[in-house]
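Notes to accompany the following structure.
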2 protein chains.
Amino acid sequence: MGPSAQAIAAYDPVQARAMDREDIRNFRSWHKAAAHRARQAGFDLIYVYASHGLTLPMHFLSRRYNQRTDEYGGTLENRTRLLRELIEDTKDAVGGSCAVPVRLCVDELMGPEGICAEEEGREIIEMLAELPDLWDVTVSDWSNDSMPSRFGEEAGQEKYVSFVKQVTSKPVVGVGRFTSPDAMVRQIRKGILDMIGAARPSIADPFLPRKIEEGRLDDIRECIGCNICVASDMTYTPIRCTQNPTMGEEWRRGWHPEIIPPKENADRILVVGGGPAGLECAVALGKRGYDVTLAEGSEELGGRVTRESRLPGLSAWGRVRDYRLGQLSKLANVDVYLVSRMTAEDVLRAEVDRVVLATGASWRRDGVARYHRLPMRRLDDAAVFTPEDVIAGRTIRGPVIVFDDDHYYMGGVVAEMLRRQGLEVTIVTPAPLVSQWTVNTMEQPRIQARLLELGVAVLANHGLVEFGGGEAKLACVFTRRCTTLPAASVVMVTSRVPHNELYHQLTASAAHVQDVGIKSVDCIGDCLAPGTIAAAVFSGHHYAREFDRPRDDAVAFQREIAELGTWSPAGKSSS
Amino acid sequence: MGPSAQAIAAYDPVQARAMDREDIRNFRSWHKAAAHRARQAGFDLIYVYASHGLTLPMHFLSRRYNQRTDEYGGTLENRTRLLRELIEDTKDAVGGSCAVPVRLCVDELMGPEGICAEEEGREIIEMLAELPDLWDVTVSDWSNDSMPSRFGEEAGQEKYVSFVKQVTSKPVVGVGRFTSPDAMVRQIRKGILDMIGAARPSIADPFLPRKIEEGRLDDIRECIGCNICVASDMTYTPIRCTQNPTMGEEWRRGWHPEIIPPKENADRILVVGGGPAGLECAVALGKRGYDVTLAEGSEELGGRVTRESRLPGLSAWGRVRDYRLGQLSKLANVDVYLVSRMTAEDVLRAEVDRVVLATGASWRRDGVARYHRLPMRRLDDAAVFTPEDVIAGRTIRGPVIVFDDDHYYMGGVVAEMLRRQGLEVTIVTPAPLVSQWTVNTMEQPRIQARLLELGVAVLANHGLVEFGGGEAKLACVFTRRCTTLPAASVVMVTSRVPHNELYHQLTASAAHVQDVGIKSVDCIGDCLAPGTIAAAVFSGHHYAREFDRPRDDAVAFQREIAELGTWSPAGKSSS
């Protein structure tokens, strides 16, 4: 029986081949040379890595991958041979000058087909118990290890790794998207781990350990488990974090995660809109020392993150708001007003020097996104709903079609919510997979499995071409052949329209704003261009960091410059 | 109605926004500055690019994308404004020191929803007729322009671009995967084009124009239209070409496409197997001046390319063989023997110094690939077939299931062939799309459309778990829920097993080969590790170039070295 869809996400047409003895010798010598270089480069820890289904020693451990008949295959002792040799080689190479931890997958979460913590996972650690300087234990594949918050709880690896300290005297580190200090302390007190590993929480807040040490728990930007950081890896783009807009910009833009330069002038700044962009902008401006007024039209702050956190599995989204509310409460120079929808006249009367609009966006009702570039004709408007309607609890009659031409999480989560309400739901998408883009956040197979298990029907590779009279006409993206499905309602998860009316009113006449002394009016976040929550937070932070710097046409960050032919280990330089 | 699946292949969750006047001003000034830099860098031609659905001026031209209400939207004249301005800006920037061509999409191949050569495509050229120095005209999107040979003929753009020379006095260049000199000359003689554009044919043979000029037509490595070059772009990997193994290695490895260093010694070399790897190896060794014996077991040369060129749409694959046979015919130092299957004893008696095995691979029958890592149980072996069986014309009874866990072209093409023979065919794949990896060669939507139109049933996201007694059991990759389909036969398109028996026989005892003076025995191509035809050709060439060089552990090519912070246009250097 096969692995999850996750494990077959790559379809490279070039096969591997079985390694022969010379290959193994070469691999060991390259590994040893790499350890030696790492030591020369000054590293303190040099890992031997056998996890995530990613490395050769892990493939050798696996009965699925390792079908060798020599001394590296067959018994678990034989399958462990390469890992043992690599640990010994590495210790040999570093000669006690730095520690050699081993990262090991103790469970593949696929039952008896894979490595299990009760069987071979435990036996491997027993065999090698005292050999590494540190055990770093985890589960595979990567999507199981870096479980998104929508599908797994904090400390979710405890049951798999709790045996490890019983079989080794070496220190043990483990992960599990630990975001709360309580959960971390519990792991230590219970004797499950000696050290807490936390990659994503450290991306969200690199100063997490320091803040715990100093008792500044409210200052922690808690990871929301959205895996947008992982998506950067998958899409070959600079890393982004929903909670931490400085992530990946520490060197490129010189943005320190905790230190922000003091204000440059005495500008009073009005931020209109208290969603993720407006909140971040107000907090960052406030920390710089500017006098800020934050005006929110509704009764609550958080905007889309507050609304979306009500959807199934997305409660952690609310942390984007919570962290910033905590920071605002400490900033005497930021005034927050709720139920304060601003008209252009209100803005002109606000006696501020600069205006920042963070007025968000709304989901469209007319079908426009990728499949339709122009509004749909033949659409029964009265029975068309948006994700906002679903969140607001508007009455939607079944059978309902969720037309997803957005492809991130919203279509799948809206379908899940409606199905849980008992409606007959079909999710229709022009993409081959439900929530196609979540392949990049490693959520996709779990989303599609959950929907299918809940009884949501999936019609992939189809576009919605007509809806009315109780039925929807759907066309195959390959052949354009049409199918008809009964449908009382359609939820459009397509594209979004920025709320930029206020911006246009204010900027229609430059004289108006200049007359009252307003130096600039800018949009940030979804009202500038609808995007991810991470993009909105980044946009707000970016404004706060850079609005008072001279604007020029230069590239906004420092670059890596590639030089050709200046270095080659074999001395093959050509220039 | 929507675009093809091709056009919705990207699902980035960040939306664009409409440009305002400042955005347009900025864009124009950046474009002009770029033209200025290009001139400083010494370029002769500086393009303004409005094609492939890729650039802003093309989006402005399009009624689907451009919904502006200002002077840049509405009428075609307005939609052309940005393009006109960019051409003028660019000419202004370069001041007559270099030519300014325009690359324009004249047809999007989507009927009245897009730009059509009979209407707006023609009108745009009429409006701007004498403004550029050169018209480079083509069709969009990229998959229509770079049409693979499986789906389009040479000179396939003629009907769209033939009007252009009637409406401008400027020279006109066009593309259309021109690979034969006759077709090129015909375009010029008929007055359709003034110059022939040919990117993929120049990748396959950078010296194409020179060879035509010198009348060396047999020496042209003719592009096979497989688009493996495009796949490098899509997969962020170094470019490869099926016909030209030196592509992308000119600088990295110092491999000239036409010049190969003379032999280093007097080694006599036996190449066993005349498929793509063996042929390329024999040709390249022969050009170096080595004495080569090429022994092929069957009655014909070409191996898999000869076999696969019999499949529907793949006749161009045969060019991989044809070019090399043409070269071999000029190499007196390469002896070719057909019907000469070599045993280990034959090899030991061959009186050679080196042995190269290019013995290929066979498709497995046991289901092992990605979905099954271990051989399937419950498989009715007697009714299981492989792609070789299909090509050989073995009798296969319907209904037939093609189980594709390979994901490149073979599964789709085998399903097509069987369906054309009148069988009832279902293609089952654990991937979300048929021939999933061909997304990278821009063939995927055409493959799935063709299969659906022929009446092949598609069951995506499913694995084959059992087959026997006239039915097949299939499991959903998300839920593992099972479905049953009637099936008299199964064609396994899974992974391949290298033919390396001869290698193991020869290397079982090093003394045997040393005793007869053989210095080395190596595998190349599919018998080393089954892969693409391009990988096999590369492997053969690589051996021929480098077997006589000293082997060391150094990186085998020159690298680009990234330097941090040494350059920034704004003088923001930090180190």
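Each chain in the structure tokens gets a letter, A, B, ..., in the order shown, and its residues are numbered from 1; ligands are numbered from 1 in order too.
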
List as CSV every residue of chain A that is in contact with chain B, defined as an atom at most 6 Å from one of its atoms (using only C-alpha atoms), together with the nearest atom pair and the distance in Å rounded to one decimal, sorted by chain and then rising number.
```
residue,atom,partner,partner_atom,distance
A:Gly2,CA,B:Tyr371,CA,4.6
A:Ser4,CA,B:Val477,CA,5.9
A:Ala5,CA,B:Val477,CA,5.6
A:Tyr11,CA,B:Trp437,CA,5.8
A:Pro13,CA,B:Gly531,CA,5.9
A:Val14,CA,B:Gly531,CA,4.1
A:Gln15,CA,B:Pro530,CA,5.5
A:Arg17,CA,B:Ala529,CA,5.3
A:Arg64,CA,B:Arg373,CA,5.7
A:Tyr371,CA,B:Gly2,CA,4.6
A:His372,CA,B:Gly2,CA,5.4
A:Arg373,CA,B:Arg64,CA,5.7
A:Pro432,CA,B:Pro432,CA,5.8
A:Trp437,CA,B:Tyr11,CA,5.8
A:Ala449,CA,B:Phe478,CA,4.7
A:Val477,CA,B:Ala5,CA,5.6
A:Phe478,CA,B:Ala449,CA,4.7
A:Thr479,CA,B:Ala449,CA,5.5
A:Ala529,CA,B:Arg17,CA,5.3
A:Pro530,CA,B:Gln15,CA,5.5
A:Gly531,CA,B:Val14,CA,4.1
A:Ala554,CA,B:Ala570,CA,5.5
A:Gln558,CA,B:Gly565,CA,6.0
A:Glu560,CA,B:Leu564,CA,4.7
A:Ile561,CA,B:Glu563,CA,5.0
A:Ala562,CA,B:Ala562,CA,4.2
A:Glu563,CA,B:Ile561,CA,5.1
A:Leu564,CA,B:Glu560,CA,4.8
A:Ala570,CA,B:Ala554,CA,5.6
```

- Among range 182-267 of chain B, which residues carry a DSSP assignment of helix (DSSP H, G or I), reported as a PyMOL selection string? chain B and resi 182-189+199-204+208-213+217-219+228-235

Using the selection just defined, write its residues with N, CA and C atoms as a PDB file, in the first residue's frame.
```pdb
ATOM      1  N   ASP B 182      15.246  23.659 -45.318  1.00  0.00           N
ATOM      2  CA  ASP B 182      14.244  23.843 -46.374  1.00  0.00           C
ATOM      3  C   ASP B 182      13.080  24.701 -45.884  1.00  0.00           C
ATOM      4  N   ALA B 183      12.594  24.368 -44.700  1.00  0.00           N
ATOM      5  CA  ALA B 183      11.456  25.120 -44.171  1.00  0.00           C
ATOM      6  C   ALA B 183      11.855  26.575 -43.931  1.00  0.00           C
ATOM      7  N   MET B 184      13.077  26.781 -43.505  1.00  0.00           N
ATOM      8  CA  MET B 184      13.536  28.156 -43.245  1.00  0.00           C
ATOM      9  C   MET B 184      13.593  28.946 -44.551  1.00  0.00           C
ATOM     10  N   VAL B 185      14.202  28.343 -45.546  1.00  0.00           N
ATOM     11  CA  VAL B 185      14.346  29.024 -46.842  1.00  0.00           C
ATOM     12  C   VAL B 185      12.963  29.349 -47.421  1.00  0.00           C
ATOM     13  N   ARG B 186      12.024  28.425 -47.247  1.00  0.00           N
ATOM     14  CA  ARG B 186      10.688  28.629 -47.775  1.00  0.00           C
ATOM     15  C   ARG B 186      10.031  29.874 -47.155  1.00  0.00           C
ATOM     16  N   GLN B 187      10.246  30.061 -45.845  1.00  0.00           N
ATOM     17  CA  GLN B 187       9.675  31.242 -45.175  1.00  0.00           C
ATOM     18  C   GLN B 187      10.206  32.534 -45.797  1.00  0.00           C
ATOM     19  N   ILE B 188      11.489  32.541 -46.101  1.00  0.00           N
ATOM     20  CA  ILE B 188      12.121  33.739 -46.676  1.00  0.00           C
ATOM     21  C   ILE B 188      11.631  33.936 -48.113  1.00  0.00           C
ATOM     22  N   ARG B 189      11.690  32.847 -48.919  1.00  0.00           N
ATOM     23  CA  ARG B 189      11.305  32.920 -50.337  1.00  0.00           C
ATOM     24  C   ARG B 189       9.860  33.356 -50.497  1.00  0.00           C
ATOM     25  N   ALA B 199      15.026  29.335 -31.243  1.00  0.00           N
ATOM     26  CA  ALA B 199      15.689  29.193 -29.938  1.00  0.00           C
ATOM     27  C   ALA B 199      15.996  27.727 -29.654  1.00  0.00           C
ATOM     28  N   ARG B 200      14.944  26.894 -29.635  1.00  0.00           N
ATOM     29  CA  ARG B 200      15.194  25.486 -29.311  1.00  0.00           C
ATOM     30  C   ARG B 200      16.124  24.820 -30.331  1.00  0.00           C
ATOM     31  N   PRO B 201      15.944  25.087 -31.649  1.00  0.00           N
ATOM     32  CA  PRO B 201      16.890  24.493 -32.593  1.00  0.00           C
ATOM     33  C   PRO B 201      18.336  24.963 -32.368  1.00  0.00           C
ATOM     34  N   SER B 202      18.500  26.179 -31.812  1.00  0.00           N
ATOM     35  CA  SER B 202      19.857  26.668 -31.536  1.00  0.00           C
ATOM     36  C   SER B 202      20.401  26.100 -30.237  1.00  0.00           C
ATOM     37  N   ILE B 203      19.512  25.695 -29.358  1.00  0.00           N
ATOM     38  CA  ILE B 203      19.955  24.981 -28.155  1.00  0.00           C
ATOM     39  C   ILE B 203      20.475  23.607 -28.588  1.00  0.00           C
ATOM     40  N   ALA B 204      19.702  22.952 -29.457  1.00  0.00           N
ATOM     41  CA  ALA B 204      20.124  21.641 -29.953  1.00  0.00           C
ATOM     42  C   ALA B 204      21.405  21.744 -30.769  1.00  0.00           C
ATOM     43  N   LEU B 208      23.992  25.884 -35.933  1.00  0.00           N
ATOM     44  CA  LEU B 208      23.014  25.668 -37.006  1.00  0.00           C
ATOM     45  C   LEU B 208      23.220  26.613 -38.191  1.00  0.00           C
ATOM     46  N   PRO B 209      23.283  27.938 -37.994  1.00  0.00           N
ATOM     47  CA  PRO B 209      23.440  28.826 -39.155  1.00  0.00           C
ATOM     48  C   PRO B 209      24.754  28.560 -39.905  1.00  0.00           C
ATOM     49  N   ARG B 210      25.833  28.356 -39.170  1.00  0.00           N
ATOM     50  CA  ARG B 210      27.120  28.088 -39.789  1.00  0.00           C
ATOM     51  C   ARG B 210      27.066  26.824 -40.637  1.00  0.00           C
ATOM     52  N   LYS B 211      26.408  25.807 -40.113  1.00  0.00           N
ATOM     53  CA  LYS B 211      26.344  24.531 -40.839  1.00  0.00           C
ATOM     54  C   LYS B 211      25.518  24.661 -42.111  1.00  0.00           C
ATOM     55  N   ILE B 212      24.476  25.484 -42.042  1.00  0.00           N
ATOM     56  CA  ILE B 212      23.698  25.725 -43.269  1.00  0.00           C
ATOM     57  C   ILE B 212      24.585  26.469 -44.268  1.00  0.00           C
ATOM     58  N   GLU B 213      25.258  27.498 -43.789  1.00  0.00           N
ATOM     59  CA  GLU B 213      26.116  28.307 -44.654  1.00  0.00           C
ATOM     60  C   GLU B 213      27.165  27.446 -45.350  1.00  0.00           C
ATOM     61  N   LEU B 217      24.598  20.051 -43.927  1.00  0.00           N
ATOM     62  CA  LEU B 217      23.265  19.809 -43.366  1.00  0.00           C
ATOM     63  C   LEU B 217      23.199  18.545 -42.520  1.00  0.00           C
ATOM     64  N   ASP B 218      23.981  17.525 -42.911  1.00  0.00           N
ATOM     65  CA  ASP B 218      23.961  16.276 -42.135  1.00  0.00           C
ATOM     66  C   ASP B 218      24.557  16.440 -40.740  1.00  0.00           C
ATOM     67  N   ASP B 219      25.310  17.508 -40.578  1.00  0.00           N
ATOM     68  CA  ASP B 219      25.965  17.705 -39.276  1.00  0.00           C
ATOM     69  C   ASP B 219      25.073  18.440 -38.281  1.00  0.00           C
ATOM     70  N   ILE B 228      12.549  19.438 -23.140  1.00  0.00           N
ATOM     71  CA  ILE B 228      13.259  19.169 -21.888  1.00  0.00           C
ATOM     72  C   ILE B 228      14.071  20.420 -21.495  1.00  0.00           C
ATOM     73  N   CYS B 229      14.400  21.253 -22.472  1.00  0.00           N
ATOM     74  CA  CYS B 229      15.099  22.520 -22.173  1.00  0.00           C
ATOM     75  C   CYS B 229      14.217  23.439 -21.337  1.00  0.00           C
ATOM     76  N   VAL B 230      12.932  23.487 -21.681  1.00  0.00           N
ATOM     77  CA  VAL B 230      11.980  24.306 -20.938  1.00  0.00           C
ATOM     78  C   VAL B 230      11.845  23.791 -19.501  1.00  0.00           C
ATOM     79  N   ALA B 231      11.882  22.464 -19.363  1.00  0.00           N
ATOM     80  CA  ALA B 231      11.725  21.858 -18.035  1.00  0.00           C
ATOM     81  C   ALA B 231      12.805  22.339 -17.074  1.00  0.00           C
ATOM     82  N   SER B 232      13.976  22.656 -17.591  1.00  0.00           N
ATOM     83  CA  SER B 232      15.039  23.180 -16.724  1.00  0.00           C
ATOM     84  C   SER B 232      14.614  24.507 -16.118  1.00  0.00           C
ATOM     85  N   ASP B 233      13.987  25.350 -16.933  1.00  0.00           N
ATOM     86  CA  ASP B 233      13.444  26.605 -16.411  1.00  0.00           C
ATOM     87  C   ASP B 233      12.429  26.340 -15.307  1.00  0.00           C
ATOM     88  N   MET B 234      11.547  25.403 -15.577  1.00  0.00           N
ATOM     89  CA  MET B 234      10.436  25.150 -14.661  1.00  0.00           C
ATOM     90  C   MET B 234      10.904  24.539 -13.351  1.00  0.00           C
ATOM     91  N   THR B 235      12.000  23.765 -13.408  1.00  0.00           N
ATOM     92  CA  THR B 235      12.442  23.036 -12.219  1.00  0.00           C
ATOM     93  C   THR B 235      13.672  23.672 -11.581  1.00  0.00           C
TER      94      THR B 235
END
```

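Within the 12 Å cut-off around Glu123 in chain B, using only C-alpha atoms and omitting residues fewer than 6 positions from it on the same chain, the listed residues are B:Leu61, B:Thr75, B:Leu76, B:Glu77, B:Arg79, B:Thr80, B:Leu104, B:Val106, B:Asp107, B:Ile115, B:Cys116, B:Ala117, B:Ala129, B:Phe163, B:Val164, B:Val167, B:Thr168.
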
Residue subset to file, keeping N, CA and C atoms, as a PDB file, in the first residue's frame:
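Ended up saving to result.pdb:
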```
ATOM      1  N   LEU B  61      -2.216  45.590 -23.513  1.00  0.00           N
ATOM      2  CA  LEU B  61      -2.859  45.371 -24.820  1.00  0.00           C
ATOM      3  C   LEU B  61      -4.139  44.537 -24.692  1.00  0.00           C
ATOM      4  N   THR B  75     -10.166  51.770 -25.801  1.00  0.00           N
ATOM      5  CA  THR B  75      -9.893  51.518 -27.217  1.00  0.00           C
ATOM      6  C   THR B  75      -8.535  50.842 -27.396  1.00  0.00           C
ATOM      7  N   LEU B  76      -8.387  50.203 -28.537  1.00  0.00           N
ATOM      8  CA  LEU B  76      -7.101  49.556 -28.807  1.00  0.00           C
ATOM      9  C   LEU B  76      -5.982  50.589 -28.819  1.00  0.00           C
ATOM     10  N   GLU B  77      -6.278  51.773 -29.348  1.00  0.00           N
ATOM     11  CA  GLU B  77      -5.257  52.822 -29.359  1.00  0.00           C
ATOM     12  C   GLU B  77      -4.784  53.118 -27.931  1.00  0.00           C
ATOM     13  N   ARG B  79      -5.031  51.082 -25.335  1.00  0.00           N
ATOM     14  CA  ARG B  79      -4.357  49.905 -24.767  1.00  0.00           C
ATOM     15  C   ARG B  79      -2.941  49.759 -25.332  1.00  0.00           C
ATOM     16  N   THR B  80      -2.721  50.334 -26.534  1.00  0.00           N
ATOM     17  CA  THR B  80      -1.398  50.271 -27.163  1.00  0.00           C
ATOM     18  C   THR B  80      -0.478  51.382 -26.646  1.00  0.00           C
ATOM     19  N   LEU B 104       6.176  40.959 -30.308  1.00  0.00           N
ATOM     20  CA  LEU B 104       4.741  41.117 -30.114  1.00  0.00           C
ATOM     21  C   LEU B 104       4.012  39.796 -30.341  1.00  0.00           C
ATOM     22  N   VAL B 106       0.934  38.244 -31.756  1.00  0.00           N
ATOM     23  CA  VAL B 106      -0.132  38.642 -32.683  1.00  0.00           C
ATOM     24  C   VAL B 106      -1.368  37.754 -32.566  1.00  0.00           C
ATOM     25  N   ASP B 107      -1.254  36.644 -31.820  1.00  0.00           N
ATOM     26  CA  ASP B 107      -2.422  35.778 -31.637  1.00  0.00           C
ATOM     27  C   ASP B 107      -2.229  34.952 -30.367  1.00  0.00           C
ATOM     28  N   ILE B 115      -6.172  38.146 -28.145  1.00  0.00           N
ATOM     29  CA  ILE B 115      -5.684  38.869 -29.321  1.00  0.00           C
ATOM     30  C   ILE B 115      -5.680  37.914 -30.507  1.00  0.00           C
ATOM     31  N   CYS B 116      -6.252  38.365 -31.646  1.00  0.00           N
ATOM     32  CA  CYS B 116      -6.318  37.531 -32.853  1.00  0.00           C
ATOM     33  C   CYS B 116      -5.542  38.197 -33.975  1.00  0.00           C
ATOM     34  N   ALA B 117      -4.870  37.371 -34.762  1.00  0.00           N
ATOM     35  CA  ALA B 117      -4.071  37.903 -35.871  1.00  0.00           C
ATOM     36  C   ALA B 117      -4.940  38.632 -36.890  1.00  0.00           C
ATOM     37  N   ALA B 129       3.562  50.449 -37.076  1.00  0.00           N
ATOM     38  CA  ALA B 129       4.280  49.762 -38.153  1.00  0.00           C
ATOM     39  C   ALA B 129       5.759  50.119 -38.290  1.00  0.00           C
ATOM     40  N   PHE B 163       0.818  37.975 -42.284  1.00  0.00           N
ATOM     41  CA  PHE B 163       0.347  39.300 -42.705  1.00  0.00           C
ATOM     42  C   PHE B 163       1.352  40.408 -42.397  1.00  0.00           C
ATOM     43  N   VAL B 164       2.283  40.140 -41.499  1.00  0.00           N
ATOM     44  CA  VAL B 164       3.050  41.243 -40.901  1.00  0.00           C
ATOM     45  C   VAL B 164       3.858  42.016 -41.940  1.00  0.00           C
ATOM     46  N   VAL B 167       2.288  44.950 -43.791  1.00  0.00           N
ATOM     47  CA  VAL B 167       1.880  46.206 -43.159  1.00  0.00           C
ATOM     48  C   VAL B 167       3.051  46.980 -42.567  1.00  0.00           C
ATOM     49  N   THR B 168       4.269  46.518 -42.773  1.00  0.00           N
ATOM     50  CA  THR B 168       5.436  47.265 -42.294  1.00  0.00           C
ATOM     51  C   THR B 168       6.569  47.121 -43.295  1.00  0.00           C
TER      52      THR B 168
END
```

- Message: I want to know what sits within 10 Å of Ile518 in chain A, based on only C-alpha atoms, with residues of the same chain fewer than 2 positions away left out; could you give that as a ChimeraX atom specification?
- Response: /A:267-269,347-348,350-355,510-516,520-521

Take the residues from that selection and write them out as a compact mmCIF listing (two decimals), in the first residue's frame, keeping N, CA and C atoms.
```txt
# COMPACT_ATOMS: atom_id res chain seq x y z
N ASP A 267 6.23 63.90 13.06
CA ASP A 267 4.98 63.61 12.35
C ASP A 267 3.95 62.91 13.24
N ARG A 268 2.70 63.40 13.13
CA ARG A 268 1.58 62.69 13.75
C ARG A 268 0.94 61.84 12.65
N ILE A 269 0.68 60.58 12.96
CA ILE A 269 0.27 59.66 11.90
C ILE A 269 -1.07 59.03 12.22
N VAL A 347 -10.88 62.47 7.93
CA VAL A 347 -9.42 62.40 7.80
C VAL A 347 -8.85 63.81 7.68
N LEU A 348 -9.51 64.62 6.87
CA LEU A 348 -9.00 65.98 6.65
C LEU A 348 -9.05 66.81 7.94
N ALA A 350 -8.53 65.53 10.91
CA ALA A 350 -7.89 64.77 12.00
C ALA A 350 -6.63 65.43 12.56
N GLU A 351 -6.15 66.49 11.89
CA GLU A 351 -4.94 67.19 12.34
C GLU A 351 -3.76 66.25 12.48
N VAL A 352 -3.46 65.59 11.36
CA VAL A 352 -2.29 64.71 11.33
C VAL A 352 -1.40 65.10 10.16
N ASP A 353 -0.17 64.61 10.21
CA ASP A 353 0.79 64.92 9.14
C ASP A 353 0.79 63.86 8.04
N ARG A 354 0.49 62.63 8.45
CA ARG A 354 0.49 61.56 7.45
C ARG A 354 -0.69 60.63 7.69
N VAL A 355 -1.17 60.08 6.57
CA VAL A 355 -2.32 59.17 6.62
C VAL A 355 -1.91 57.83 6.02
N ALA A 510 -5.08 66.77 -4.82
CA ALA A 510 -3.90 66.88 -3.95
C ALA A 510 -4.01 68.11 -3.05
N ALA A 511 -4.66 69.15 -3.58
CA ALA A 511 -4.76 70.40 -2.82
C ALA A 511 -5.47 70.19 -1.49
N HIS A 512 -6.56 69.41 -1.52
CA HIS A 512 -7.33 69.15 -0.31
C HIS A 512 -6.47 68.71 0.86
N VAL A 513 -5.66 67.69 0.62
CA VAL A 513 -4.88 67.16 1.72
C VAL A 513 -3.72 68.09 2.08
N GLN A 514 -3.12 68.70 1.05
CA GLN A 514 -2.02 69.64 1.33
C GLN A 514 -2.50 70.82 2.17
N ASP A 515 -3.71 71.29 1.86
CA ASP A 515 -4.26 72.45 2.56
C ASP A 515 -4.34 72.24 4.07
N VAL A 516 -4.61 70.98 4.46
CA VAL A 516 -4.72 70.73 5.90
C VAL A 516 -3.39 70.23 6.48
N SER A 520 1.36 63.10 3.24
CA SER A 520 1.26 61.90 2.41
C SER A 520 0.03 61.07 2.78
N VAL A 521 -0.48 60.36 1.78
CA VAL A 521 -1.56 59.40 1.98
C VAL A 521 -1.12 58.10 1.31
```

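The shell of residues at most 7 Å from Ala99 in chain B, with only C-alpha atoms counted and near chain neighbours (fewer than 4 positions) removed, consists of B:Asp44, B:Leu45, B:Ile46, B:Asp133.
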
Write the residues of the preceding selection, restricted to N, CA, C and O atoms, as an mmCIF file, in the first residue's frame.
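Listing of selection_17.cif after writing:
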```cif
data_model
loop_
_atom_site.group_PDB
_atom_site.id
_atom_site.type_symbol
_atom_site.label_atom_id
_atom_site.label_comp_id
_atom_site.auth_asym_id
_atom_site.auth_seq_id
_atom_site.Cartn_x
_atom_site.Cartn_y
_atom_site.Cartn_z
ATOM 1 N N ASP B 44 23.651 44.945 -28.797
ATOM 2 C CA ASP B 44 23.334 45.488 -30.120
ATOM 3 C C ASP B 44 21.833 45.662 -30.330
ATOM 4 O O ASP B 44 21.407 46.512 -31.102
ATOM 5 N N LEU B 45 21.053 44.785 -29.695
ATOM 6 C CA LEU B 45 19.596 44.844 -29.821
ATOM 7 C C LEU B 45 19.010 44.978 -28.422
ATOM 8 O O LEU B 45 19.381 44.220 -27.524
ATOM 9 N N ILE B 46 18.125 45.929 -28.257
ATOM 10 C CA ILE B 46 17.442 46.054 -26.965
ATOM 11 C C ILE B 46 15.940 45.960 -27.214
ATOM 12 O O ILE B 46 15.339 46.837 -27.816
ATOM 13 N N ASP B 133 12.664 49.004 -34.906
ATOM 14 C CA ASP B 133 13.651 48.730 -35.951
ATOM 15 C C ASP B 133 13.475 47.333 -36.531
ATOM 16 O O ASP B 133 13.988 47.036 -37.614
#
```

- Item | Secondary structure check, strand (DSSP E) residues of range 85-165 of chain A, as JSON, numbers by chain | {"A": [101, 102, 103, 104, 105, 106, 107, 134, 135, 136, 137, 138, 139]}

- Identify, on the basis of only C-alpha atoms, every residue whose closest approach to Pro257 in chain B does not exceed 7 Å; exclude the query and any residue fewer than 2 positions from it along the same chain; express the result as a ChimeraX atom specification. /B:246,255,259

With C-alpha atoms retained, could you export that selection as a tab-separated table (two decimals), in the first residue's frame?
```
chain	number	residue	atom	x	y	z
B	246	THR	CA	27.13	20.31	-24.05
B	255	TRP	CA	32.56	21.83	-23.16
B	259	ILE	CA	35.12	21.10	-30.52
```

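The gap separating CA of Tyr503 in chain B from CA of Asp335 in chain B is 21.7 Å, in Å to one decimal.
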
- Can you work out the spacing between CA of Ile192 in chain B and CA of Val139 in chain B in Å, to one decimal? 15.0 Å

- Query: What's the 9 Å shell around Arg81 in chain A, counting only C-alpha atoms, without same-chain residues fewer than 6 positions away, as number ranges by chain?
  - Reply: A: 57, 60-61, 71-73
